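data-v6.csv (CSV, C-alpha atoms) appears below.
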chain,number,residue,atom,x,y,z
A,1,MET,CA,115.5,105.2,75.0
A,2,ASN,CA,117.9,108.0,75.6
A,3,GLU,CA,119.9,107.0,78.6
A,4,PRO,CA,120.7,109.8,81.0
A,5,SER,CA,124.4,110.6,81.6
A,6,ALA,CA,126.4,109.6,84.6
A,7,ARG,CA,126.6,113.3,85.6
A,8,THR,CA,122.7,113.4,85.7
A,9,TYR,CA,122.6,110.4,88.1
A,10,LEU,CA,125.3,111.9,90.3
A,11,PHE,CA,123.6,115.3,90.5
A,12,THR,CA,120.3,113.7,91.2
A,13,GLY,CA,121.8,111.7,94.0
A,14,ILE,CA,123.5,114.8,95.5
A,15,ALA,CA,120.2,116.8,95.2
A,16,LEU,CA,118.3,114.0,97.0
A,17,LEU,CA,120.8,114.1,99.9
A,18,ALA,CA,120.6,117.9,100.0
A,19,PHE,CA,116.8,117.7,100.2
A,20,LEU,CA,117.1,115.2,103.0
A,21,GLY,CA,119.2,117.7,105.0
A,22,LEU,CA,116.6,120.4,104.2
A,23,THR,CA,113.8,118.2,105.5
A,24,ILE,CA,115.6,117.6,108.8
A,25,ALA,CA,116.6,121.3,109.2
A,26,ALA,CA,113.0,122.5,108.3
A,27,ALA,CA,111.5,120.2,110.9
A,28,TYR,CA,113.3,122.0,113.8
A,29,VAL,CA,112.0,125.5,112.6
A,30,ASN,CA,108.6,126.4,114.0
A,31,LEU,CA,106.5,127.1,110.9
A,32,GLY,CA,103.3,126.5,112.7
A,33,PRO,CA,100.8,124.5,110.7
A,34,LEU,CA,103.1,124.8,107.6
A,35,ASN,CA,105.7,122.3,108.9
A,36,THR,CA,103.9,119.3,107.5
A,37,GLY,CA,103.2,121.1,104.2
A,38,VAL,CA,106.9,122.0,103.8
A,39,ALA,CA,108.0,118.4,104.6
A,40,MET,CA,105.5,117.0,102.1
A,41,ALA,CA,106.5,119.5,99.4
A,42,ILE,CA,110.2,118.4,99.8
A,43,SER,CA,109.2,114.7,99.7
A,44,PHE,CA,107.2,115.3,96.5
A,45,ALA,CA,110.3,117.0,95.0
A,46,LYS,CA,112.5,114.1,96.0
A,47,GLY,CA,109.9,111.6,94.6
A,48,ALA,CA,109.7,113.6,91.4
A,49,LEU,CA,113.5,113.5,91.0
A,50,ILE,CA,113.6,109.7,91.5
A,51,VAL,CA,110.7,109.1,89.1
A,52,LEU,CA,112.0,111.4,86.4
A,53,PHE,CA,115.7,110.6,86.4
A,54,PHE,CA,116.3,107.3,88.2
A,55,MET,CA,113.2,105.7,86.9
A,56,HIS,CA,113.8,107.2,83.4
A,57,ILE,CA,110.3,108.7,83.0
A,58,ARG,CA,111.7,111.9,81.7
A,59,TYR,CA,113.1,109.9,78.8
A,60,SER,CA,110.1,107.6,78.3
A,61,LYS,CA,107.1,107.6,75.9
A,62,PRO,CA,103.8,109.4,76.7
A,63,ILE,CA,102.1,106.0,77.4
A,64,LEU,CA,104.4,105.5,80.4
A,65,TRP,CA,103.6,109.0,81.7
A,66,VAL,CA,99.9,108.0,81.6
A,67,PHE,CA,100.6,104.8,83.6
A,68,VAL,CA,102.7,106.6,86.2
A,69,GLY,CA,100.2,109.5,86.4
A,70,ALA,CA,97.2,107.1,86.8
A,71,GLY,CA,98.9,105.4,89.7
A,72,PHE,CA,99.4,108.6,91.6
A,73,PHE,CA,96.1,110.1,90.5
A,74,TRP,CA,94.2,107.2,92.0
A,75,LEU,CA,96.1,107.6,95.2
A,76,GLY,CA,95.1,111.3,95.1
A,77,ILE,CA,91.4,110.4,94.7
A,78,MET,CA,91.6,108.1,97.7
A,79,LEU,CA,93.4,110.6,99.9
A,80,VAL,CA,91.5,113.7,98.9
A,81,LEU,CA,87.9,112.3,98.8
A,82,ALA,CA,88.4,110.3,102.1
A,83,MET,CA,89.9,113.2,103.9
A,84,SER,CA,87.4,115.7,102.6
A,85,ASP,CA,84.8,113.5,104.4
A,86,TYR,CA,86.7,113.2,107.6
A,87,MET,CA,87.5,116.9,107.8
A,88,SER,CA,84.0,118.2,107.0
A,89,ARG,CA,82.0,116.0,109.3
A,90,GLY,CA,81.9,115.6,113.1
A,91,TRP,CA,83.4,112.1,113.5
A,92,ASN,CA,84.5,112.7,117.1
B,1,MET,CA,119.5,99.8,73.9
B,2,PRO,CA,121.7,96.9,72.7
B,3,ASP,CA,121.9,96.3,68.9
B,4,VAL,CA,121.6,92.5,69.2
B,5,LEU,CA,119.1,91.1,71.5
B,6,ALA,CA,120.2,87.9,73.4
B,7,VAL,CA,116.6,86.8,74.0
B,8,PRO,CA,114.1,85.8,71.3
B,9,ILE,CA,111.3,88.2,70.5
B,10,GLU,CA,108.0,86.6,71.6
B,11,HIS,CA,105.5,86.2,68.8
B,12,GLN,CA,103.0,88.8,70.1
B,13,PHE,CA,105.6,91.6,69.7
B,14,ASP,CA,106.7,93.3,66.5
B,15,ASP,CA,110.2,94.0,67.6
B,16,ALA,CA,112.6,94.1,70.6
B,17,THR,CA,111.7,97.8,71.4
B,18,GLN,CA,108.1,97.0,71.7
B,19,GLN,CA,108.8,93.9,73.8
B,20,ARG,CA,110.9,96.0,76.2
B,21,GLU,CA,108.3,98.8,76.4
B,22,ALA,CA,105.6,96.2,77.2
B,23,ALA,CA,107.7,94.8,80.1
B,24,THR,CA,108.3,98.3,81.5
B,25,MET,CA,104.7,99.1,81.3
B,26,GLY,CA,103.8,95.9,83.1
B,27,MET,CA,106.2,96.8,85.9
B,28,TRP,CA,104.6,100.3,86.2
B,29,LEU,CA,101.2,98.6,86.5
B,30,PHE,CA,102.6,96.5,89.3
B,31,ILE,CA,104.0,99.7,91.0
B,32,ALA,CA,100.5,101.3,90.6
B,33,THR,CA,99.1,98.4,92.7
B,34,GLU,CA,101.9,98.9,95.2
B,35,ILE,CA,101.1,102.6,95.4
B,36,LEU,CA,97.5,101.6,96.4
B,37,LEU,CA,98.8,99.1,99.0
B,38,PHE,CA,100.9,101.7,100.7
B,39,GLY,CA,98.3,104.4,99.9
B,40,GLY,CA,95.7,102.6,102.1
B,41,MET,CA,98.1,102.8,105.0
B,42,PHE,CA,99.0,106.4,104.3
B,43,LEU,CA,95.3,107.2,104.3
B,44,GLY,CA,94.8,105.4,107.7
B,45,TYR,CA,97.8,107.4,109.0
B,46,THR,CA,96.3,110.7,107.7
B,47,ALA,CA,92.8,110.1,109.1
B,48,TYR,CA,94.1,109.2,112.6
B,49,ARG,CA,96.7,111.9,112.7
B,50,HIS,CA,93.9,114.4,111.7
B,51,ALA,CA,91.7,113.0,114.5
B,52,TYR,CA,94.5,112.9,117.2
B,53,PRO,CA,97.1,115.5,116.3
B,54,SER,CA,98.6,116.0,119.7
B,55,ALA,CA,98.8,112.3,120.6
B,56,PHE,CA,100.6,111.7,117.2
B,57,ALA,CA,103.0,114.5,117.8
B,58,GLU,CA,103.9,113.3,121.3
B,59,ALA,CA,104.4,109.7,120.1
B,60,SER,CA,106.4,110.8,117.1
B,61,ARG,CA,108.9,112.5,119.5
B,62,HIS,CA,109.7,109.0,120.9
B,63,THR,CA,111.0,107.8,117.5
B,64,LEU,CA,114.8,107.9,116.9
B,65,ILE,CA,115.4,110.6,114.3
B,66,ALA,CA,119.1,109.9,114.0
B,67,PHE,CA,118.3,106.3,112.9
B,68,GLY,CA,115.5,107.3,110.6
B,69,GLY,CA,117.6,110.1,109.0
B,70,THR,CA,120.7,107.8,108.5
B,71,ASN,CA,118.4,105.2,107.0
B,72,THR,CA,117.0,107.7,104.5
B,73,ALA,CA,120.5,108.7,103.4
B,74,VAL,CA,121.4,104.9,103.1
B,75,LEU,CA,118.4,104.3,100.8
B,76,LEU,CA,118.9,107.4,98.7
B,77,ILE,CA,122.6,106.4,98.1
B,78,SER,CA,121.6,102.8,97.3
B,79,SER,CA,119.1,104.2,94.7
B,80,THR,CA,121.8,106.3,93.2
B,81,VAL,CA,124.1,103.2,93.0
B,82,MET,CA,121.2,101.2,91.5
B,83,ALA,CA,120.8,103.9,88.8
B,84,PHE,CA,124.5,103.4,87.9
B,85,ALA,CA,124.0,99.6,87.9
B,86,VAL,CA,121.1,99.9,85.3
B,87,ARG,CA,123.5,102.1,83.2
B,88,ALA,CA,126.2,99.5,83.5
B,89,ALA,CA,123.8,96.8,82.3
B,90,SER,CA,122.8,98.8,79.3
B,91,GLN,CA,126.5,99.1,78.4
B,92,ASN,CA,127.1,95.4,78.8
B,93,ARG,CA,129.7,95.9,81.6
B,94,ARG,CA,129.1,92.6,83.5
B,95,LYS,CA,131.6,93.0,86.3
B,96,LEU,CA,130.7,96.6,87.0
B,97,LEU,CA,127.0,95.6,87.0
B,98,GLY,CA,127.6,92.7,89.4
B,99,LEU,CA,129.7,95.0,91.7
B,100,LEU,CA,127.2,97.9,91.7
B,101,LEU,CA,124.3,95.5,92.4
B,102,PHE,CA,126.3,94.0,95.3
B,103,VAL,CA,126.9,97.5,96.7
B,104,THR,CA,123.1,98.3,96.4
B,105,ALA,CA,122.2,95.0,98.2
B,106,SER,CA,124.7,95.7,100.9
B,107,LEU,CA,123.2,99.2,101.5
B,108,GLY,CA,119.8,97.5,101.7
B,109,VAL,CA,121.2,95.1,104.4
B,110,LEU,CA,122.6,98.1,106.2
B,111,PHE,CA,119.2,99.7,106.2
B,112,LEU,CA,117.7,96.6,107.7
B,113,VAL,CA,120.3,96.3,110.4
B,114,ILE,CA,119.8,100.0,111.4
B,115,LYS,CA,116.0,99.4,111.3
B,116,GLY,CA,116.4,96.3,113.4
B,117,LEU,CA,118.5,98.1,116.1
B,118,GLU,CA,115.8,100.8,116.1
B,119,TYR,CA,113.0,98.1,116.6
B,120,ALA,CA,115.1,96.5,119.4
B,121,HIS,CA,115.4,99.9,121.1
B,122,GLU,CA,111.6,100.4,120.8
B,123,ILE,CA,110.8,97.0,122.2
B,124,ASN,CA,113.0,97.7,125.2
B,125,GLU,CA,111.2,101.1,125.6
B,126,HIS,CA,107.8,99.3,125.6
B,127,LEU,CA,106.8,101.0,122.4
B,128,LEU,CA,105.6,97.8,120.7
B,129,PRO,CA,101.8,97.9,120.8
B,130,GLY,CA,100.3,95.1,122.9
B,131,ARG,CA,100.1,94.2,126.6
B,132,ALA,CA,103.6,95.5,127.4
B,133,PHE,CA,103.0,98.9,125.7
B,134,HIS,CA,103.8,101.8,127.9
B,135,ILE,CA,104.3,105.5,127.1
B,136,ASP,CA,104.4,108.6,129.2
B,137,ALA,CA,101.9,110.7,127.2
B,138,ALA,CA,98.8,112.7,127.9
B,139,ASP,CA,96.8,110.4,125.6
B,140,PRO,CA,98.6,107.0,125.8
B,141,GLN,CA,95.8,105.2,123.9
B,142,HIS,CA,96.1,107.2,120.8
B,143,ALA,CA,99.9,107.4,121.1
B,144,GLU,CA,99.7,103.6,120.9
B,145,LEU,CA,97.6,104.0,117.8
B,146,PHE,CA,100.5,105.9,116.2
B,147,PHE,CA,102.9,103.0,117.1
B,148,TYR,CA,100.5,100.5,115.5
B,149,ILE,CA,100.7,102.4,112.3
B,150,TYR,CA,104.4,102.9,112.7
B,151,TRP,CA,105.1,99.2,113.1
B,152,LEU,CA,102.7,98.3,110.3
B,153,MET,CA,104.0,100.8,107.7
B,154,THR,CA,107.8,100.4,108.5
B,155,GLY,CA,107.3,96.6,108.7
B,156,VAL,CA,105.6,96.3,105.3
B,157,HIS,CA,108.3,98.6,103.9
B,158,ALA,CA,111.1,96.6,105.5
B,159,LEU,CA,109.5,93.5,103.9
B,160,HIS,CA,109.8,95.2,100.5
B,161,VAL,CA,113.5,96.1,101.3
B,162,THR,CA,114.1,92.4,102.2
B,163,ILE,CA,112.6,91.1,99.0
B,164,GLY,CA,114.6,93.7,97.1
B,165,VAL,CA,117.9,92.7,98.7
B,166,VAL,CA,117.2,89.0,97.9
B,167,LEU,CA,116.4,89.8,94.3
B,168,ILE,CA,119.3,92.2,93.8
B,169,THR,CA,121.8,89.7,95.3
B,170,PHE,CA,120.5,86.9,93.0
B,171,PHE,CA,120.8,89.2,89.9
B,172,ALA,CA,124.3,90.3,91.0
B,173,PHE,CA,125.5,86.7,91.0
B,174,ARG,CA,123.8,86.0,87.6
B,175,ALA,CA,125.5,89.1,86.2
B,176,TRP,CA,128.9,88.4,87.6
B,177,PHE,CA,129.2,84.6,87.0
B,178,ARG,CA,126.8,83.9,84.1
B,179,ASP,CA,126.9,87.3,82.2
B,180,ALA,CA,123.1,86.7,82.1
B,181,PHE,CA,122.2,90.2,81.1
B,182,ARG,CA,124.4,90.7,78.0
B,183,ASN,CA,122.3,92.4,75.4
B,184,HIS,CA,119.3,91.7,77.7
B,185,ASP,CA,119.2,94.4,80.3
B,186,THR,CA,115.4,94.7,80.6
B,187,PRO,CA,115.3,92.6,83.9
B,188,ILE,CA,117.9,95.0,85.5
B,189,GLU,CA,115.8,98.0,84.4
B,190,LEU,CA,112.7,96.5,86.0
B,191,LEU,CA,114.6,95.5,89.2
B,192,GLY,CA,115.8,99.1,89.3
B,193,LEU,CA,112.2,100.4,89.1
B,194,TYR,CA,111.2,98.2,92.0
B,195,TRP,CA,114.1,99.4,94.2
B,196,HIS,CA,113.5,103.1,93.4
B,197,PHE,CA,109.8,102.7,94.3
B,198,VAL,CA,110.7,101.3,97.7
B,199,ASP,CA,113.0,104.3,98.1
B,200,ILE,CA,110.1,106.7,97.3
B,201,VAL,CA,107.9,105.1,99.9
B,202,TRP,CA,110.6,105.7,102.6
B,203,VAL,CA,111.0,109.3,101.4
B,204,PHE,CA,107.4,109.9,102.4
B,205,LEU,CA,107.4,107.7,105.5
B,206,PHE,CA,110.5,109.5,107.0
B,207,PRO,CA,109.0,113.0,107.7
B,208,LEU,CA,105.5,111.6,108.5
B,209,ILE,CA,106.8,109.2,111.2
B,210,TYR,CA,109.9,110.9,112.7
B,211,MET,CA,109.2,114.6,112.4
B,212,ILE,CA,105.7,115.6,113.6
B,213,ASP,CA,106.1,118.9,115.5
B,214,ARG,CA,109.8,118.3,116.3
B,215,HIS,CA,110.4,122.1,116.8
B,216,SER,CA,108.3,122.5,119.9
What is this structure when it is put down as structure tokens?
Amino acid sequence: MNEPSARTYLFTGIALLAFLGLTIAAAYVNLGPLNTGVAMAISFAKGALIVLFFMHIRYSKPILWVFVGAGFFWLGIMLVLAMSDYMSRGWN
Amino acid sequence: MPDVLAVPIEHQFDDATQQREAATMGMWLFIATEILLFGGMFLGYTAYRHAYPSAFAEASRHTLIAFGGTNTAVLLISSTVMAFAVRAASQNRRKLLGLLLFVTASLGVLFLVIKGLEYAHEINEHLLPGRAFHIDAADPQHAELFFYIYWLMTGVHALHVTIGVVLITFFAFRAWFRDAFRNHDTPIELLGLYWHFVDIVWVFLFPLIYMIDRHS
């Protein structure tokens, strides 16, 4: 496995803290219904940085990409299918 | 990857690389089950927030964003330190590894202390669901629902942080006093994966709990 350099870890850490600042700043700006979308997009970016660099997936074999992808894909199935039901039917 | 492996290669593996990759894959399989554990709670959150958006927004404004924000920074920094610890392990630097693991665990303890202070504040403010629950909101019943989910999700997350702190402290001692990971850094790599995953969960929890409609 190619180990990422110390610089890579440092920049990843700084980028994560910058994203945290951005999340908080964006929460106080009225973007209407987009606020949650923006917050989630930033969270996904942070999660991707952690998975790719801290968890070494960027430097790993394709089989690990499949394992990681499957975990999040199943989460996606659960959220999307369940919510498509809640949002398209009159539950209240 | 160390040249000489300090542990024997189990008979089912061809070589040290394959043994290491199998261990990493197993850890990711465990993380996939953790994604589903937290995923179920995220689904519950999403469904109820969709059903009661204004009650959730009102309840969310009762959470302490300064505590939550500080805790996010604490966990992100601890993850960064953990990444350097994994690097130190792969370079066989035992003292540095022990030290960095100790710093990571300390930041985990700091997270729990801040979370505990926040919980104490919320109990005083009657925001713990149950008979004593009280909130000045248009729809107190569904604001309480938000706090059920808040206590459940942050509680299960805090349990994961606690387990992480115990494991990391244990590994730190083993590295410092026993040099247990010389040419055998796979356990540290897997420990790092666990800690980073716990960090990712919080990265999503933070905006969902503390920052619903903060602007209005």
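The shell of residues at most 10 Å from region 79-84 of chain A, with all atoms listed in the file counted and near chain neighbours (fewer than 6 positions) removed, consists of Phe73 of chain A; Gly39, Gly40, Phe42, Leu43, Gly44, Thr46, Ala47 and His50 of chain B.
Neighbours of Trp74 (chain A) closer than or equal to 10 Å, with only C-alpha atoms counted and sequence neighbours fewer than 3 positions away skipped, come out as Gly69, Ala70, Gly71, Ile77, Met78, Leu79 and Val80 of chain A; Ala32, Ile35, Leu36 and Gly39 of chain B.
Any residue of chain B with an atom no more than 6 Å from chain A counts as a contact; using only C-alpha atoms, that gives B:Ala32, B:Leu43, B:Thr80, B:Ala83, B:Leu193, B:Ile200, B:Val203, B:Phe204, B:Arg214, B:His215.
Here CA of Arg93 (chain B) is placed at a distance of 10.7 Å from CA of Asp185 (chain B).
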